[in-house]
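Chemist: Input structure: coords.txt, which contains compact mmCIF, C-alpha atoms.
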```txt
# COMPACT_ATOMS: atom_id res chain seq x y z
CA MET A 1 -180.64 -43.40 156.58
CA THR A 2 -177.08 -42.28 157.30
CA ASP A 3 -174.98 -40.27 154.89
CA GLU A 4 -173.75 -42.82 152.37
CA MET A 5 -170.13 -41.60 152.34
CA ASN A 6 -169.95 -41.97 156.15
CA GLU A 7 -170.93 -45.64 156.10
CA LYS A 8 -168.18 -47.75 157.67
CA LEU A 9 -166.41 -50.41 155.59
CA ASP A 10 -163.93 -53.08 156.65
CA ILE A 11 -160.43 -52.33 155.35
CA LEU A 12 -158.96 -55.37 153.63
CA ASN A 13 -155.43 -56.53 152.92
CA GLU A 14 -154.40 -56.94 149.29
CA ASP A 15 -155.30 -60.65 149.52
CA GLY A 16 -158.88 -59.85 150.61
CA THR A 17 -158.51 -60.71 154.30
CA LYS A 18 -159.76 -58.27 156.93
CA THR A 19 -157.17 -56.03 158.59
CA GLY A 20 -159.33 -55.63 161.70
CA LEU A 21 -159.77 -51.93 160.89
CA SER A 22 -162.72 -50.09 159.41
CA THR A 23 -163.25 -46.58 158.13
CA THR A 24 -165.70 -44.51 156.13
CA LYS A 25 -166.46 -45.20 152.50
CA GLU A 26 -165.11 -41.73 151.73
CA GLU A 27 -161.74 -42.51 153.34
CA CYS A 28 -161.54 -45.86 151.50
CA TYR A 29 -162.09 -43.94 148.26
CA GLN A 30 -159.57 -41.19 149.06
CA LYS A 31 -156.79 -43.36 150.47
CA GLY A 32 -157.16 -46.33 148.14
CA TYR A 33 -157.92 -48.94 150.81
CA TRP A 34 -159.13 -52.34 149.67
CA TYR A 35 -162.75 -53.11 150.58
CA ARG A 36 -165.53 -55.56 149.67
CA THR A 37 -168.65 -55.10 147.55
CA VAL A 38 -171.41 -57.49 146.59
CA HIS A 39 -172.89 -57.87 143.10
CA ILE A 40 -176.17 -59.71 142.61
CA TRP A 41 -177.34 -60.88 139.20
CA ILE A 42 -181.03 -61.80 139.16
CA ILE A 43 -182.10 -64.32 136.54
CA ASN A 44 -185.71 -65.32 135.84
CA ASP A 45 -187.27 -68.52 134.51
CA ASN A 46 -186.88 -67.23 130.92
CA LYS A 47 -183.06 -67.00 131.21
CA GLU A 48 -183.26 -63.21 131.34
CA LEU A 49 -181.05 -61.08 133.58
CA LEU A 50 -182.54 -58.16 135.46
CA MET A 51 -180.76 -54.91 134.64
CA GLN A 52 -181.03 -51.64 136.52
CA LYS A 53 -180.58 -48.17 135.07
CA ARG A 54 -178.31 -46.22 137.38
CA ASN A 55 -179.47 -42.83 138.62
CA PRO A 56 -178.10 -40.01 136.40
CA TYR A 57 -176.54 -38.37 139.48
CA LYS A 58 -174.38 -41.39 140.41
CA LYS A 59 -170.65 -40.63 140.24
CA THR A 60 -169.77 -43.94 138.58
CA PHE A 61 -171.54 -45.03 135.41
CA PRO A 62 -174.42 -42.54 135.67
CA ASN A 63 -177.57 -43.30 133.63
CA LEU A 64 -176.17 -46.61 132.32
CA TRP A 65 -177.74 -50.06 132.52
CA ALA A 66 -175.88 -52.22 135.03
CA LEU A 67 -176.19 -55.45 136.97
CA SER A 68 -179.32 -56.22 138.98
CA CYS A 69 -178.12 -54.95 142.36
CA ALA A 70 -174.86 -53.96 144.05
CA SER A 71 -173.72 -52.75 147.44
CA HIS A 72 -170.74 -51.95 149.57
CA VAL A 73 -170.36 -54.57 152.30
CA LEU A 74 -170.61 -52.62 155.55
CA ALA A 75 -168.20 -53.17 158.44
CA GLY A 76 -169.07 -56.38 160.27
CA GLU A 77 -171.43 -57.59 157.53
CA SER A 78 -171.05 -60.69 155.39
CA SER A 79 -171.52 -60.29 151.65
CA LYS A 80 -174.77 -62.29 151.87
CA GLN A 81 -176.10 -59.99 154.62
CA SER A 82 -175.19 -57.02 152.46
CA ALA A 83 -176.95 -58.57 149.46
CA ILE A 84 -180.14 -59.16 151.44
CA ARG A 85 -180.07 -55.60 152.80
CA GLU A 86 -179.49 -54.03 149.39
CA LEU A 87 -182.07 -56.14 147.55
CA LYS A 88 -184.63 -54.91 150.07
CA GLU A 89 -183.49 -51.26 149.80
CA GLU A 90 -183.11 -51.04 146.01
CA LEU A 91 -185.79 -53.41 144.73
CA ASP A 92 -188.02 -54.07 147.78
CA LEU A 93 -187.25 -57.82 147.58
CA THR A 94 -187.21 -60.03 150.66
CA ILE A 95 -185.06 -63.13 150.25
CA GLU A 96 -183.18 -65.66 152.38
CA GLU A 97 -179.40 -66.21 152.34
CA SER A 98 -180.02 -69.70 150.94
CA ASN A 99 -181.52 -68.12 147.79
CA LEU A 100 -178.15 -66.55 146.90
CA GLU A 101 -175.70 -68.66 144.93
CA TYR A 102 -172.08 -67.54 145.27
CA LEU A 103 -170.37 -67.55 141.86
CA PHE A 104 -166.92 -65.95 142.24
CA THR A 105 -164.92 -62.97 143.52
CA ILE A 106 -163.26 -60.39 141.28
CA LYS A 107 -160.34 -58.32 142.54
CA ARG A 108 -160.22 -55.07 140.62
CA GLU A 109 -159.15 -51.45 140.60
CA GLN A 110 -161.28 -48.67 139.15
CA ASP A 111 -160.39 -45.06 138.47
CA TYR A 112 -162.52 -42.68 140.52
CA GLU A 113 -162.21 -38.88 140.46
CA PHE A 114 -158.65 -38.28 141.79
CA SER A 115 -158.01 -41.75 143.20
CA THR A 116 -158.35 -45.45 142.50
CA LEU A 117 -161.02 -47.64 144.06
CA LYS A 118 -159.67 -51.03 145.19
CA LEU A 119 -162.41 -53.62 145.39
CA PHE A 120 -163.17 -57.26 145.94
CA ASP A 121 -166.52 -57.84 144.21
CA GLU A 122 -168.28 -60.95 145.53
CA VAL A 123 -170.67 -62.04 142.78
CA TYR A 124 -173.93 -63.91 143.41
CA LEU A 125 -176.76 -65.28 141.28
CA LEU A 126 -180.37 -65.08 142.44
CA LYS A 127 -183.09 -67.02 140.64
CA TYR A 128 -186.14 -64.80 141.01
CA ASN A 129 -189.02 -63.61 138.86
CA VAL A 130 -189.22 -59.90 139.64
CA ASP A 131 -192.47 -58.15 138.68
CA VAL A 132 -190.79 -55.33 136.74
CA ALA A 133 -193.99 -53.30 136.33
CA HIS A 134 -194.83 -53.27 140.05
CA THR A 135 -191.47 -53.14 141.81
CA LYS A 136 -190.85 -50.21 144.15
CA LEU A 137 -187.42 -48.79 143.23
CA GLN A 138 -184.95 -46.85 145.36
CA VAL A 139 -184.74 -43.87 142.98
CA GLU A 140 -181.59 -42.46 144.62
CA GLU A 141 -179.80 -45.49 143.20
CA LEU A 142 -181.72 -46.53 140.09
CA THR A 143 -184.41 -45.14 137.83
CA ASP A 144 -185.63 -48.19 135.91
CA ILE A 145 -185.33 -51.97 135.63
CA LYS A 146 -185.80 -54.43 132.79
CA TYR A 147 -185.04 -58.02 131.88
CA VAL A 148 -182.69 -58.87 129.00
CA TYR A 149 -182.17 -62.37 127.60
CA TYR A 150 -178.68 -63.37 128.76
CA GLU A 151 -177.26 -64.19 125.29
CA TYR A 152 -178.53 -60.90 123.86
CA LEU A 153 -177.06 -59.00 126.82
CA GLN A 154 -173.74 -60.75 126.32
CA THR A 155 -173.67 -59.63 122.67
CA MET A 156 -174.55 -56.03 123.55
CA LEU A 157 -171.86 -55.85 126.22
CA LYS A 158 -169.18 -57.43 124.04
CA ASN A 159 -170.05 -54.89 121.33
CA ASN A 160 -169.57 -52.03 123.80
CA ASP A 161 -173.17 -50.80 123.70
CA PRO A 162 -172.87 -47.22 125.08
CA ASN A 163 -176.07 -47.63 127.15
CA TYR A 164 -174.49 -50.31 129.37
CA VAL A 165 -171.60 -50.37 131.82
CA PRO A 166 -168.40 -51.52 130.10
CA TYR A 167 -167.84 -55.24 129.51
CA GLY A 168 -165.37 -56.66 132.00
CA GLU A 169 -163.99 -59.75 133.70
CA GLU A 170 -167.16 -60.18 135.79
CA HIS A 171 -169.35 -60.28 132.69
CA LYS A 172 -167.04 -62.75 130.97
CA LYS A 173 -167.10 -65.15 133.94
CA LEU A 174 -170.86 -64.79 134.44
CA PHE A 175 -171.65 -65.55 130.79
CA GLU A 176 -169.28 -68.54 130.79
CA ILE A 177 -171.20 -69.98 133.77
CA LEU A 178 -174.63 -69.28 132.26
CA THR A 179 -173.69 -70.63 128.82
CA LYS A 180 -172.37 -73.84 130.37
CA ARG A 181 -175.50 -74.31 132.52
CA PHE A 182 -177.98 -73.65 129.75
CA SER A 183 -176.19 -75.80 127.17
CA GLU A 184 -176.20 -78.91 129.38
```
Rewrite the structure from the file as structure tokens, please.

Modeler:
Amino acid sequence: MTDEMNEKLDILNEDGTKTGLSTTKEECYQKGYWYRTVHIWIINDNKELLMQKRNPYKKTFPNLWALSCASHVLAGESSKQSAIRELKEELDLTIEESNLEYLFTIKREQDYEFSTLKLFDEVYLLKYNVDVAHTKLQVEELTDIKYVYYEYLQTMLKNNDPNYVPYGEEHKKLFEILTKRFSE
């Protein structure tokens, strides 16, 4: 595996279109270039969302419970290709592109050390019953996984539970979609 900070990312314009240029993740971080990430929320048949506990050595949100899986979209990759790659790396799951349901894209900026990360997060939903007890985890990224009933998770996040990443626009949109689907 290559050094993570030397992975190449496509540089995006402020509207999310590709500039035709790519550079290292480190340079995107340092110079504040826009780039794309993918966020995958895994939901099981019991309406529970899979959460991962981030490795305590991660620079952003260390040791906090976060979404099921996330990745930087590498240069030349589609967000679905990135999702499939990362699900295999982090959770040892093998899925098809057709299993991923695109939900929405969030444009956001996030403080990071001495700069600001500029991201387009493409958010997907994956219906999958992960065997939590027997899943091989990529410990460099995460240390544990668990399922949480979506309404309970929504309440915890809205109440700023300190064990979870902060509640944001992505959570709000996700829970609006899930609430609408499950109330029909």

Chemist: So that all listed atoms of stretch 56-64 of chain A fit with 8 Å spare on each side, what axis-aligned box centre and edge lengths in Å, to one decimal, would you give as JSON?

Modeler:
```
{"center_x": -173.9, "center_y": -42.5, "center_z": 136.4, "size_x": 24.3, "size_y": 24.2, "size_z": 24.1}
```

Chemist: Quick one: everything within 8 Å of A:Ile145, counting all atoms listed in the file, minus sequence neighbours fewer than 4 positions away in the same chain. Send it as number ranges by chain.

Modeler: A: 50-53, 132

Chemist: With all atoms listed in the file as the basis for distance, which of A:Asn63, A:Asn99, A:Thr37, A:Asn6 is at the shortest distance from A:Asn163?

Modeler: A:Asn63

Chemist: Between A:Lys180, A:Tyr57, A:Glu90, A:Leu74, which has the minimum distance to A:Met5 (counting all atoms listed in the file)?

Modeler: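 Of all the options, A:Leu74 lies closest to A:Met5.
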
Chemist: Select, from A:Leu137, A:Thr23, A:Thr116, A:Leu174, the residue with the minimum atom-to-atom distance to A:Gln154, counting all atoms listed in the file.

Modeler: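 Using all atoms listed in the file, the shortest distance to A:Gln154 belongs to A:Leu174.
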
Chemist: Hey, what's within 10 Å of A:Arg108 if we count only C-alpha atoms and toss same-chain stuff fewer than 2 positions away? As a ChimeraX atom specification, please?

Modeler: /A:34,105-106,110,116-121,169-170

Chemist: Using only C-alpha atoms, find all polymer residues with an atom at most 12 Å away from the point (-176.6, -63.6, 153.3); report them as a PyMOL selection string.

Modeler: chain A and resi 38+40+73+77-87+94-102+122+124+126

Chemist: Between A:Val139, A:Thr155, A:Leu9, A:Gln30, which has the minimum distance to A:Tyr167 (counting all atoms listed in the file)?

Modeler: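 Smallest separation from A:Tyr167 among the options: A:Thr155.
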
Chemist: Just the number, please: distance in Å from atom CA of A:Cys69 to atom CA of A:Tyr35, one decimal.

Modeler: 17.5 Å

Chemist: For A:Ala75, which residue among A:Asn44, A:Ser115, A:Thr24, A:Asn55 is the nearest when counting all atoms listed in the file?

Modeler: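 For A:Ala75, the nearest of the candidates is A:Thr24.
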
Chemist: Which is closer to A:Ile43 than all the others in A:Lys58, A:Lys158, A:Lys88, A:Lys127, using all atoms listed in the file?

Modeler: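 Among the listed residues, the smallest separation from A:Ile43 belongs to A:Lys127.
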
Chemist: Which stretch 2-68 of chain A residues have any atom within 6 Å of an atom of stretch 148-152 of chain A, and for each, what is the nearest pair of atoms with distance in Å to one decimal, counting all atoms listed in the file, rows sorted by chain and number, as a Markdown table?

Modeler:
```
| residue | atom | partner | partner_atom | distance |
| --- | --- | --- | --- | --- |
| A:Lys47 | CA | A:Tyr149 | CA | 5.9 |
| A:Glu48 | CA | A:Tyr149 | CA | 4.0 |
| A:Leu49 | CA | A:Val148 | CA | 5.3 |
```
